[in-house]
$ cat coords-v1.cif   # mmCIF, C-alpha atoms and all ligand atoms
data_protein
#
loop_
_atom_site.group_PDB
_atom_site.id
_atom_site.type_symbol
_atom_site.label_atom_id
_atom_site.label_comp_id
_atom_site.auth_asym_id
_atom_site.auth_seq_id
_atom_site.Cartn_x
_atom_site.Cartn_y
_atom_site.Cartn_z
ATOM 1 C CA MET A 23 0.000 0.000 0.000
ATOM 2 C CA ARG A 24 1.298 3.446 -0.804
ATOM 3 C CA TYR A 25 2.530 5.635 1.995
ATOM 4 C CA ALA A 26 -0.291 8.153 1.916
ATOM 5 C CA ALA A 27 -2.987 5.542 1.380
ATOM 6 C CA ARG A 28 -1.725 3.460 4.274
ATOM 7 C CA TRP A 29 -1.726 6.499 6.511
ATOM 8 C CA ALA A 30 -5.183 7.589 5.370
ATOM 9 C CA ALA A 31 -6.481 4.124 6.201
ATOM 10 C CA ALA A 32 -4.994 4.407 9.658
ATOM 11 C CA ALA A 33 -6.710 7.742 10.101
ATOM 12 C CA SER A 34 -10.116 6.365 9.184
ATOM 13 C CA THR A 35 -10.850 5.377 12.752
ATOM 14 C CA GLY A 36 -11.263 9.034 13.694
ATOM 15 C CA LEU A 37 -13.966 11.631 13.400
ATOM 16 C CA VAL A 38 -13.730 15.167 12.172
ATOM 17 C CA ILE A 39 -15.505 17.126 14.831
ATOM 18 C CA THR A 40 -16.598 20.669 14.185
ATOM 19 C CA GLY A 41 -18.626 23.218 16.036
ATOM 20 C CA LEU A 42 -17.063 22.628 19.421
ATOM 21 C CA ALA A 43 -16.478 25.910 21.200
ATOM 22 C CA ALA A 44 -12.868 26.965 21.002
ATOM 23 C CA CYS A 45 -11.311 29.964 22.662
ATOM 24 C CA GLY A 46 -14.131 30.246 25.181
ATOM 25 C CA GLY A 47 -16.840 30.893 22.618
ATOM 26 C CA THR A 48 -20.283 29.509 22.044
ATOM 27 C CA HIS A 49 -21.497 27.156 19.381
ATOM 28 C CA PRO A 50 -22.555 28.604 16.062
ATOM 29 C CA ALA A 51 -26.133 28.137 15.037
ATOM 30 C CA ALA A 52 -26.883 25.069 12.964
ATOM 31 C CA THR A 53 -27.505 25.574 9.284
ATOM 32 C CA SER A 54 -28.994 23.338 6.671
ATOM 33 C CA ALA A 55 -25.469 22.330 5.625
ATOM 34 C CA TRP A 56 -24.970 20.567 8.922
ATOM 35 C CA ARG A 57 -26.593 17.689 10.663
ATOM 36 C CA ALA A 58 -26.982 17.472 14.377
ATOM 37 C CA PRO A 59 -26.725 13.842 15.463
ATOM 38 C CA ALA A 60 -28.325 12.743 18.688
ATOM 39 C CA ALA A 61 -25.013 11.355 19.835
ATOM 40 C CA VAL A 62 -21.656 10.625 18.301
ATOM 41 C CA GLU A 63 -19.254 7.933 19.317
ATOM 42 C CA VAL A 64 -15.803 9.356 19.870
ATOM 43 C CA ALA A 65 -12.759 7.136 19.939
ATOM 44 C CA ALA A 66 -12.725 5.915 23.509
ATOM 45 C CA PRO A 67 -9.598 6.631 25.528
ATOM 46 C CA THR A 68 -7.726 3.920 27.317
ATOM 47 C CA PRO A 69 -9.219 3.046 30.708
ATOM 48 C CA ALA A 70 -6.201 4.688 32.333
ATOM 49 C CA ALA A 71 -6.755 7.888 30.367
ATOM 50 C CA ALA A 72 -10.457 7.866 31.229
ATOM 51 C CA ALA A 73 -9.606 7.442 34.893
ATOM 52 C CA ARG A 74 -7.339 10.469 34.638
ATOM 53 C CA GLY A 75 -10.177 12.557 33.298
ATOM 54 C CA GLY A 76 -10.186 11.908 29.557
ATOM 55 C CA ARG A 77 -13.099 13.732 28.019
ATOM 56 C CA ALA A 78 -14.799 10.653 26.584
ATOM 57 C CA ALA A 79 -15.596 8.123 29.259
ATOM 58 C CA ALA A 80 -15.138 4.666 27.801
ATOM 59 C CA GLY A 81 -18.330 3.277 26.300
ATOM 60 C CA ARG A 82 -20.365 6.434 26.781
ATOM 61 C CA PRO A 83 -21.002 8.479 23.658
ATOM 62 C CA LEU A 84 -20.375 12.199 23.825
ATOM 63 C CA ARG A 85 -23.025 14.600 22.650
ATOM 64 C CA LEU A 86 -21.457 16.847 20.071
ATOM 65 C CA PRO A 87 -23.187 19.751 18.388
ATOM 66 C CA TYR A 88 -22.387 19.215 14.742
ATOM 67 C CA VAL A 89 -20.635 16.621 12.660
ATOM 68 C CA ARG A 90 -20.073 17.409 9.081
ATOM 69 C CA PRO A 91 -20.984 14.338 7.074
ATOM 70 C CA ASP A 92 -19.052 14.978 3.872
ATOM 71 C CA VAL A 93 -15.445 15.490 4.961
ATOM 72 C CA PRO A 94 -12.804 12.777 5.083
ATOM 73 C CA LEU A 95 -12.127 11.237 8.463
ATOM 74 C CA GLY A 96 -8.923 12.532 10.019
ATOM 75 C CA THR A 97 -8.287 16.222 9.495
ATOM 76 C CA LEU A 98 -4.700 15.848 8.333
ATOM 77 C CA THR A 99 -5.758 13.719 5.393
ATOM 78 C CA TYR A 100 -6.618 16.942 3.582
ATOM 79 C CA ALA A 101 -4.347 19.420 5.346
ATOM 80 C CA PRO A 102 -2.607 21.566 2.755
ATOM 81 C CA GLY A 103 1.061 22.417 2.741
ATOM 82 C CA HIS A 104 2.315 18.858 2.561
ATOM 83 C CA ALA A 105 1.622 16.257 -0.056
ATOM 84 C CA ARG A 106 2.348 13.416 2.332
ATOM 85 C CA TYR A 107 2.887 12.897 6.023
ATOM 86 C CA PRO A 108 4.753 10.229 7.894
ATOM 87 C CA VAL A 109 2.713 7.296 9.112
ATOM 88 C CA GLY A 110 1.384 8.291 12.512
ATOM 89 C CA ALA A 111 1.448 12.041 11.899
ATOM 90 C CA VAL A 112 -0.568 14.178 14.294
ATOM 91 C CA GLY A 113 -1.125 17.938 14.250
ATOM 92 C CA LEU A 114 -0.569 19.999 17.376
ATOM 93 C CA THR A 115 -2.088 23.445 16.915
ATOM 94 C CA PHE A 116 -1.861 26.606 19.013
ATOM 95 C CA ASP A 117 -4.411 29.394 18.567
ATOM 96 C CA ASP A 118 -4.692 33.092 19.431
ATOM 97 C CA GLY A 119 -1.006 34.090 19.503
ATOM 98 C CA PRO A 120 1.588 35.130 19.160
ATOM 99 C CA ASP A 121 2.113 36.070 22.787
ATOM 100 C CA PRO A 122 5.423 37.395 24.147
ATOM 101 C CA THR A 123 5.166 35.318 27.336
ATOM 102 C CA TRP A 124 3.886 31.945 26.167
ATOM 103 C CA THR A 125 4.822 31.542 22.498
ATOM 104 C CA PRO A 126 8.610 31.529 23.087
ATOM 105 C CA GLN A 127 8.213 28.888 25.804
ATOM 106 C CA ILE A 128 6.169 26.674 23.506
ATOM 107 C CA LEU A 129 8.680 27.109 20.683
ATOM 108 C CA ALA A 130 11.514 26.151 23.042
ATOM 109 C CA ILE A 131 9.727 22.969 24.158
ATOM 110 C CA LEU A 132 8.908 21.974 20.574
ATOM 111 C CA ALA A 133 12.570 22.479 19.628
ATOM 112 C CA ARG A 134 13.763 20.409 22.592
ATOM 113 C CA TYR A 135 11.606 17.498 21.428
ATOM 114 C CA HIS A 136 12.319 18.013 17.719
ATOM 115 C CA ALA A 137 8.575 18.384 17.246
ATOM 116 C CA HIS A 138 6.616 20.694 14.977
ATOM 117 C CA ALA A 139 3.249 22.374 15.320
ATOM 118 C CA THR A 140 0.994 24.845 13.551
ATOM 119 C CA PHE A 141 0.214 28.261 15.015
ATOM 120 C CA PHE A 142 -3.050 29.975 14.096
ATOM 121 C CA ASP A 143 -2.135 33.593 14.740
ATOM 122 C CA ILE A 144 -4.389 36.617 15.188
ATOM 123 C CA GLY A 145 -3.414 39.400 12.778
ATOM 124 C CA GLU A 146 -3.300 42.224 15.306
ATOM 125 C CA ASN A 147 -1.042 40.113 17.541
ATOM 126 C CA VAL A 148 1.241 39.422 14.579
ATOM 127 C CA THR A 149 1.465 43.143 13.851
ATOM 128 C CA ARG A 150 2.369 43.808 17.490
ATOM 129 C CA ASP A 151 5.023 41.035 17.649
ATOM 130 C CA PRO A 152 6.015 40.088 14.103
ATOM 131 C CA ALA A 153 9.319 38.624 15.330
ATOM 132 C CA LEU A 154 7.389 35.928 17.193
ATOM 133 C CA THR A 155 5.460 34.863 14.096
ATOM 134 C CA ARG A 156 8.719 34.976 12.141
ATOM 135 C CA ALA A 157 10.270 32.697 14.791
ATOM 136 C CA GLU A 158 7.387 30.224 14.439
ATOM 137 C CA TYR A 159 7.943 30.014 10.710
ATOM 138 C CA ALA A 160 11.742 29.932 11.018
ATOM 139 C CA ALA A 161 11.463 26.975 13.403
ATOM 140 C CA GLY A 162 9.753 24.995 10.650
ATOM 141 C CA ASP A 163 6.295 25.323 12.105
ATOM 142 C CA GLY A 164 3.112 26.180 10.228
ATOM 143 C CA VAL A 165 1.519 29.610 10.535
ATOM 144 C CA GLY A 166 -2.187 29.884 9.788
ATOM 145 C CA ASN A 167 -4.763 32.667 9.758
ATOM 146 C CA HIS A 168 -6.974 33.113 12.835
ATOM 147 C CA THR A 169 -8.471 36.426 11.562
ATOM 148 C CA GLU A 170 -7.416 39.975 12.333
ATOM 149 C CA THR A 171 -9.309 40.564 15.616
ATOM 150 C CA HIS A 172 -10.879 37.175 16.477
ATOM 151 C CA PRO A 173 -14.583 37.816 15.788
ATOM 152 C CA ASP A 174 -17.234 35.163 15.233
ATOM 153 C CA LEU A 175 -17.177 35.317 11.428
ATOM 154 C CA THR A 176 -20.736 34.022 11.153
ATOM 155 C CA THR A 177 -21.953 37.319 12.660
ATOM 156 C CA LEU A 178 -20.301 39.397 9.904
ATOM 157 C CA ASP A 179 -21.282 40.066 6.327
ATOM 158 C CA ALA A 180 -19.119 38.695 3.555
ATOM 159 C CA ALA A 181 -17.211 41.975 3.064
ATOM 160 C CA LEU A 182 -16.219 42.194 6.713
ATOM 161 C CA GLU A 183 -15.325 38.509 6.761
ATOM 162 C CA GLY A 184 -13.072 39.145 3.781
ATOM 163 C CA SER A 185 -11.300 42.065 5.450
ATOM 164 C CA GLN A 186 -10.729 40.002 8.613
ATOM 165 C CA ILE A 187 -9.042 37.349 6.503
ATOM 166 C CA ASP A 188 -7.152 39.807 4.290
ATOM 167 C CA GLU A 189 -5.696 41.890 7.115
ATOM 168 C CA ALA A 190 -4.436 38.888 9.071
ATOM 169 C CA SER A 191 -3.059 37.301 5.923
ATOM 170 C CA ALA A 192 -1.153 40.504 5.110
ATOM 171 C CA ALA A 193 0.297 40.666 8.623
ATOM 172 C CA ILE A 194 1.468 37.042 8.450
ATOM 173 C CA ARG A 195 2.889 37.537 4.985
ATOM 174 C CA SER A 196 4.740 40.632 6.159
ATOM 175 C CA ALA A 197 6.209 38.712 9.110
ATOM 176 C CA THR A 198 7.129 35.436 7.389
ATOM 177 C CA GLY A 199 7.279 36.238 3.705
ATOM 178 C CA HIS A 200 4.493 33.756 3.015
ATOM 179 C CA ALA A 201 0.731 34.173 2.938
ATOM 180 C CA PRO A 202 -1.049 31.578 5.093
ATOM 181 C CA LEU A 203 -2.603 28.558 3.393
ATOM 182 C CA CYS A 204 -5.188 27.896 6.078
ATOM 183 C CA LEU A 205 -7.872 29.695 8.036
ATOM 184 C CA ARG A 206 -9.063 28.578 11.432
ATOM 185 C CA PRO A 207 -12.221 30.565 12.198
ATOM 186 C CA PRO A 208 -12.482 31.775 15.804
ATOM 187 C CA TYR A 209 -14.772 29.621 17.960
ATOM 188 C CA ASP A 210 -14.764 27.146 15.067
ATOM 189 C CA ALA A 211 -17.810 29.125 13.934
ATOM 190 C CA ILE A 212 -18.473 28.437 10.281
ATOM 191 C CA ASP A 213 -21.395 28.616 7.927
ATOM 192 C CA PRO A 214 -21.679 28.432 4.125
ATOM 193 C CA THR A 215 -20.670 32.107 3.755
ATOM 194 C CA VAL A 216 -17.483 31.589 5.776
ATOM 195 C CA GLU A 217 -16.676 28.555 3.638
ATOM 196 C CA GLU A 218 -17.247 30.573 0.453
ATOM 197 C CA VAL A 219 -15.161 33.571 1.561
ATOM 198 C CA ALA A 220 -12.317 31.329 2.729
ATOM 199 C CA ALA A 221 -12.326 29.585 -0.644
ATOM 200 C CA GLN A 222 -12.257 32.945 -2.439
ATOM 201 C CA HIS A 223 -9.151 33.804 -0.425
ATOM 202 C CA HIS A 224 -7.572 30.423 -1.233
ATOM 203 C CA GLU A 225 -7.363 29.498 2.422
ATOM 204 C CA THR A 226 -8.436 26.043 3.521
ATOM 205 C CA LEU A 227 -10.690 25.900 6.569
ATOM 206 C CA MET A 228 -8.734 23.984 9.147
ATOM 207 C CA LEU A 229 -10.688 22.815 12.175
ATOM 208 C CA TYR A 230 -9.595 20.214 14.682
ATOM 209 C CA ASP A 231 -10.443 16.796 16.051
ATOM 210 C CA VAL A 232 -9.465 17.138 19.694
ATOM 211 C CA ASP A 233 -10.346 20.100 21.913
ATOM 212 C CA VAL A 234 -8.331 19.978 25.135
ATOM 213 C CA ARG A 235 -10.162 23.095 26.387
ATOM 214 C CA ASP A 236 -6.965 24.443 27.918
ATOM 215 C CA TRP A 237 -8.515 27.928 28.019
ATOM 216 C CA THR A 238 -10.789 26.727 30.844
ATOM 217 C CA LEU A 239 -7.661 26.076 32.950
ATOM 218 C CA PRO A 240 -8.692 22.491 33.755
ATOM 219 C CA GLY A 241 -5.271 21.560 35.172
ATOM 220 C CA VAL A 242 -2.173 20.077 33.570
ATOM 221 C CA ARG A 243 -3.264 16.458 34.079
ATOM 222 C CA ALA A 244 -6.601 17.050 32.379
ATOM 223 C CA ILE A 245 -4.972 18.777 29.396
ATOM 224 C CA VAL A 246 -2.505 15.916 28.955
ATOM 225 C CA ALA A 247 -5.198 13.262 29.370
ATOM 226 C CA ARG A 248 -7.527 14.933 26.867
ATOM 227 C CA ALA A 249 -4.778 15.379 24.293
ATOM 228 C CA LEU A 250 -3.547 11.805 24.545
ATOM 229 C CA ALA A 251 -7.060 10.357 24.713
ATOM 230 C CA GLY A 252 -7.776 11.849 21.298
ATOM 231 C CA ALA A 253 -4.333 11.358 19.763
ATOM 232 C CA ARG A 254 -4.343 8.992 16.826
ATOM 233 C CA PRO A 255 -2.855 9.071 13.334
ATOM 234 C CA GLY A 256 -4.218 12.070 11.473
ATOM 235 C CA ALA A 257 -5.773 13.805 14.469
ATOM 236 C CA VAL A 258 -5.465 17.547 14.956
ATOM 237 C CA ILE A 259 -5.264 18.651 18.581
ATOM 238 C CA ASP A 260 -6.239 22.193 19.543
ATOM 239 C CA MET A 261 -4.487 24.229 22.245
ATOM 240 C CA HIS A 262 -3.769 27.913 22.836
ATOM 241 C CA ASP A 263 -0.572 29.936 23.224
ATOM 242 C CA ALA A 264 -2.291 33.225 24.084
ATOM 243 C CA GLY A 265 -5.509 34.757 25.345
ATOM 244 C CA GLY A 266 -4.821 34.322 29.057
ATOM 245 C CA ASN A 267 -2.579 32.452 31.455
ATOM 246 C CA ARG A 268 -1.187 29.520 29.485
ATOM 247 C CA SER A 269 1.130 28.125 32.150
ATOM 248 C CA GLU A 270 -0.928 24.905 32.244
ATOM 249 C CA THR A 271 -0.567 24.468 28.491
ATOM 250 C CA VAL A 272 3.183 25.078 28.711
ATOM 251 C CA ALA A 273 3.505 22.561 31.552
ATOM 252 C CA ALA A 274 1.366 19.993 29.709
ATOM 253 C CA LEU A 275 3.217 20.180 26.399
ATOM 254 C CA PRO A 276 6.319 18.121 27.334
ATOM 255 C CA LEU A 277 4.081 15.420 28.824
ATOM 256 C CA ILE A 278 1.932 15.379 25.680
ATOM 257 C CA LEU A 279 5.037 15.120 23.484
ATOM 258 C CA ARG A 280 6.410 12.257 25.561
ATOM 259 C CA GLY A 281 3.045 10.502 25.345
ATOM 260 C CA LEU A 282 2.999 10.897 21.577
ATOM 261 C CA GLN A 283 6.556 9.600 21.343
ATOM 262 C CA ALA A 284 5.612 6.530 23.365
ATOM 263 C CA ARG A 285 2.883 5.789 20.821
ATOM 264 C CA HIS A 286 5.161 6.483 17.858
ATOM 265 C CA LEU A 287 2.981 9.420 16.811
ATOM 266 C CA VAL A 288 4.827 12.230 15.048
ATOM 267 C CA PRO A 289 3.811 15.888 15.568
ATOM 268 C CA VAL A 290 4.078 17.623 12.187
ATOM 269 C CA ALA A 291 3.604 21.158 10.905
ATOM 270 C CA PHE A 292 0.960 21.742 8.266
ATOM 271 C CA CYS A 293 -0.545 24.700 6.427
ATOM 272 C CA ARG A 294 3.073 25.674 5.843
ATOM 273 C CA ALA A 295 3.500 27.738 2.722
HETATM 274 ZN ZN ZN A 301 -9.118 31.561 18.914
#

$ encode --input "coords-v1.cif" --output "structure tokens"
Amino acid sequence: MRYAARWAAAASTGLVITGLAACGGTHPAATSAWRAPAAVEVAAPTPAAAARGGRAAAGRPLRLPYVRPDVPLGTLTYAPGHARYPVGAVGLTFDDGPDPTWTPQILAILARYHAHATFFDIGENVTRDPALTRAEYAAGDGVGNHTETHPDLTTLDAALEGSQIDEASAAIRSATGHAPLCLRPPYDAIDPTVEEVAAQHHETLMLYDVDVRDWTLPGVRAIVARALAGARPGAVIDMHDAGGNRSETVAALPLILRGLQARHLVPVAFCRA
């Protein structure tokens, strides 16, 4: 079996989960493009992970707001920026930065473990600290668009959505020399208009599979347990490097990386122009 096909098959045990609140937001309203299942089975964590507080208790389905029925299973199977990934690739992502306190610490930990990640930066933060976004790119990590000021795009008209994407893209391009390939909408709030505007801007909507909810400050053990409970080939794990005190995220990251190493899962950068 070819490399990519073998890896895609491995990823088929997962679910692409959208509509979960990220960054402390609320769920977007359902539209006709989405179906709202009564309950969705999520890959159950190991009993040990569940005992440590993994978000899906073994055997008990989670209720999730929306599952998009027409996307491939495993977000990385269609992540742009790389034609192929190693078998066992996973995507660690950090939203809302860059931040002068937390982003350098996360970059240092990633470097120590020879791991890569993708940062979804907010344009106005990039403009304030372009050297941090430049450092993310220079380290070999991906840099994606998380809009200019972090609004819920579904509340804006198409013109304002476009300017949110354009301004952040220009800031990232100015900092790194490359326009971002991907857009992660704040709060994971998307609707058909957001999808259309993103496509017009040639940015792929990049959501995630695993929400560790680190912005709720659940404790280091919970963040690690949630990340590792959802880690599987092709999974994209969402964390934050800004927007509040991220000391728990920083403390959890080495433990997450060691857990991934133990499972032979490889953290890779994507959306890298
Ligand atoms: Zn965010």

$ closest_residue --input "coords-v1.cif" --among "A:Ala197, A:Ile144, A:Val258, A:Val242" --to "ligand ZN 301 (chain A)" --atoms "all atoms listed in the file"
A:Ile144

$ resolve_selection --input "coords-v1.cif" --expression "the PyMOL selection byres (((chain A and resi 124-140) around 9) and not hetatm)" --output "JSON, numbers by chain"
{"A": [113, 114, 115, 116, 117, 119, 120, 121, 122, 123, 141, 142, 154, 157, 158, 161, 162, 163, 164, 165, 166, 263, 264, 267, 268, 269, 271, 272, 275, 276, 279, 280, 288, 289, 290, 291, 292, 293, 294]}

$ atom_distance --input "coords-v1.cif" --atom1 "CA of Gly199 in chain A" --atom2 "CA of Val219 in chain A"
22.7 Å

$ atom_distance --input "coords-v1.cif" --atom1 "CA of Ala253 in chain A" --atom2 "CA of Arg235 in chain A"
14.7 Å

$ residues_near_ligand --input "coords-v1.cif" --ligand "ligand ZN 301 (chain A)" --cutoff "10 Å" --atoms "only C-alpha atoms and all ligand atoms" --output "PyMOL selection string"
chain A and resi 43-47+116-119+142-144+168-169+171-174+206-210+237+260-265

$ residues_around --input "coords-v1.cif" --residues "Gly241 in chain A" --least-positions-apart "2" --cutoff "10 Å" --atoms "all atoms listed in the file" --output "PDB file with C-alpha atoms, in the coordinates of the input"
ATOM      1  CA  ASP A 236      -6.965  24.443  27.918  1.00  0.00           C
ATOM      2  CA  THR A 238     -10.789  26.727  30.844  1.00  0.00           C
ATOM      3  CA  LEU A 239      -7.661  26.076  32.950  1.00  0.00           C
ATOM      4  CA  ARG A 243      -3.264  16.458  34.079  1.00  0.00           C
ATOM      5  CA  ALA A 244      -6.601  17.050  32.379  1.00  0.00           C
ATOM      6  CA  ILE A 245      -4.972  18.777  29.396  1.00  0.00           C
ATOM      7  CA  VAL A 246      -2.505  15.916  28.955  1.00  0.00           C
ATOM      8  CA  SER A 269       1.130  28.125  32.150  1.00  0.00           C
ATOM      9  CA  GLU A 270      -0.928  24.905  32.244  1.00  0.00           C
ATOM     10  CA  THR A 271      -0.567  24.468  28.491  1.00  0.00           C
ATOM     11  CA  ALA A 273       3.505  22.561  31.552  1.00  0.00           C
ATOM     12  CA  ALA A 274       1.366  19.993  29.709  1.00  0.00           C
TER      13      ALA A 274
END

$ resolve_selection --input "coords-v1.cif" --expression "the PyMOL selection byres (((chain A and resi 193) around 9) and not hetatm)" --output "ChimeraX atom specification"
/A:145-146,148-149,152,170,188-192,194-198,201

$ resolve_selection --input "coords-v1.cif" --expression "the PyMOL selection byres (((chain A and resi 282) around 10) and not hetatm)" --output "ChimeraX atom specification"
/A:110-112,249-250,253-254,276-281,283-289

$ residues_around --input "coords-v1.cif" --residues "Ala220 in chain A" --least-positions-apart "3" --cutoff "9 Å" --atoms "only C-alpha atoms" --output "JSON, numbers by chain"
{"A": [183, 184, 187, 204, 205, 215, 216, 217, 223, 224, 225, 226, 227]}

$ atom_distance --input "coords-v1.cif" --atom1 "CA of Tyr107 in chain A" --atom2 "CA of Leu229 in chain A"
17.9 Å

$ closest_residue --input "coords-v1.cif" --among "A:Tyr159, A:Val234, A:Leu203, A:Thr99" --to "Ala221 in chain A" --atoms "only C-alpha atoms"
A:Leu203

$ closest_residue --input "coords-v1.cif" --among "A:Thr177, A:Asn167, A:Thr97, A:Gln222" --to "Ala257 in chain A" --atoms "only C-alpha atoms"
A:Thr97
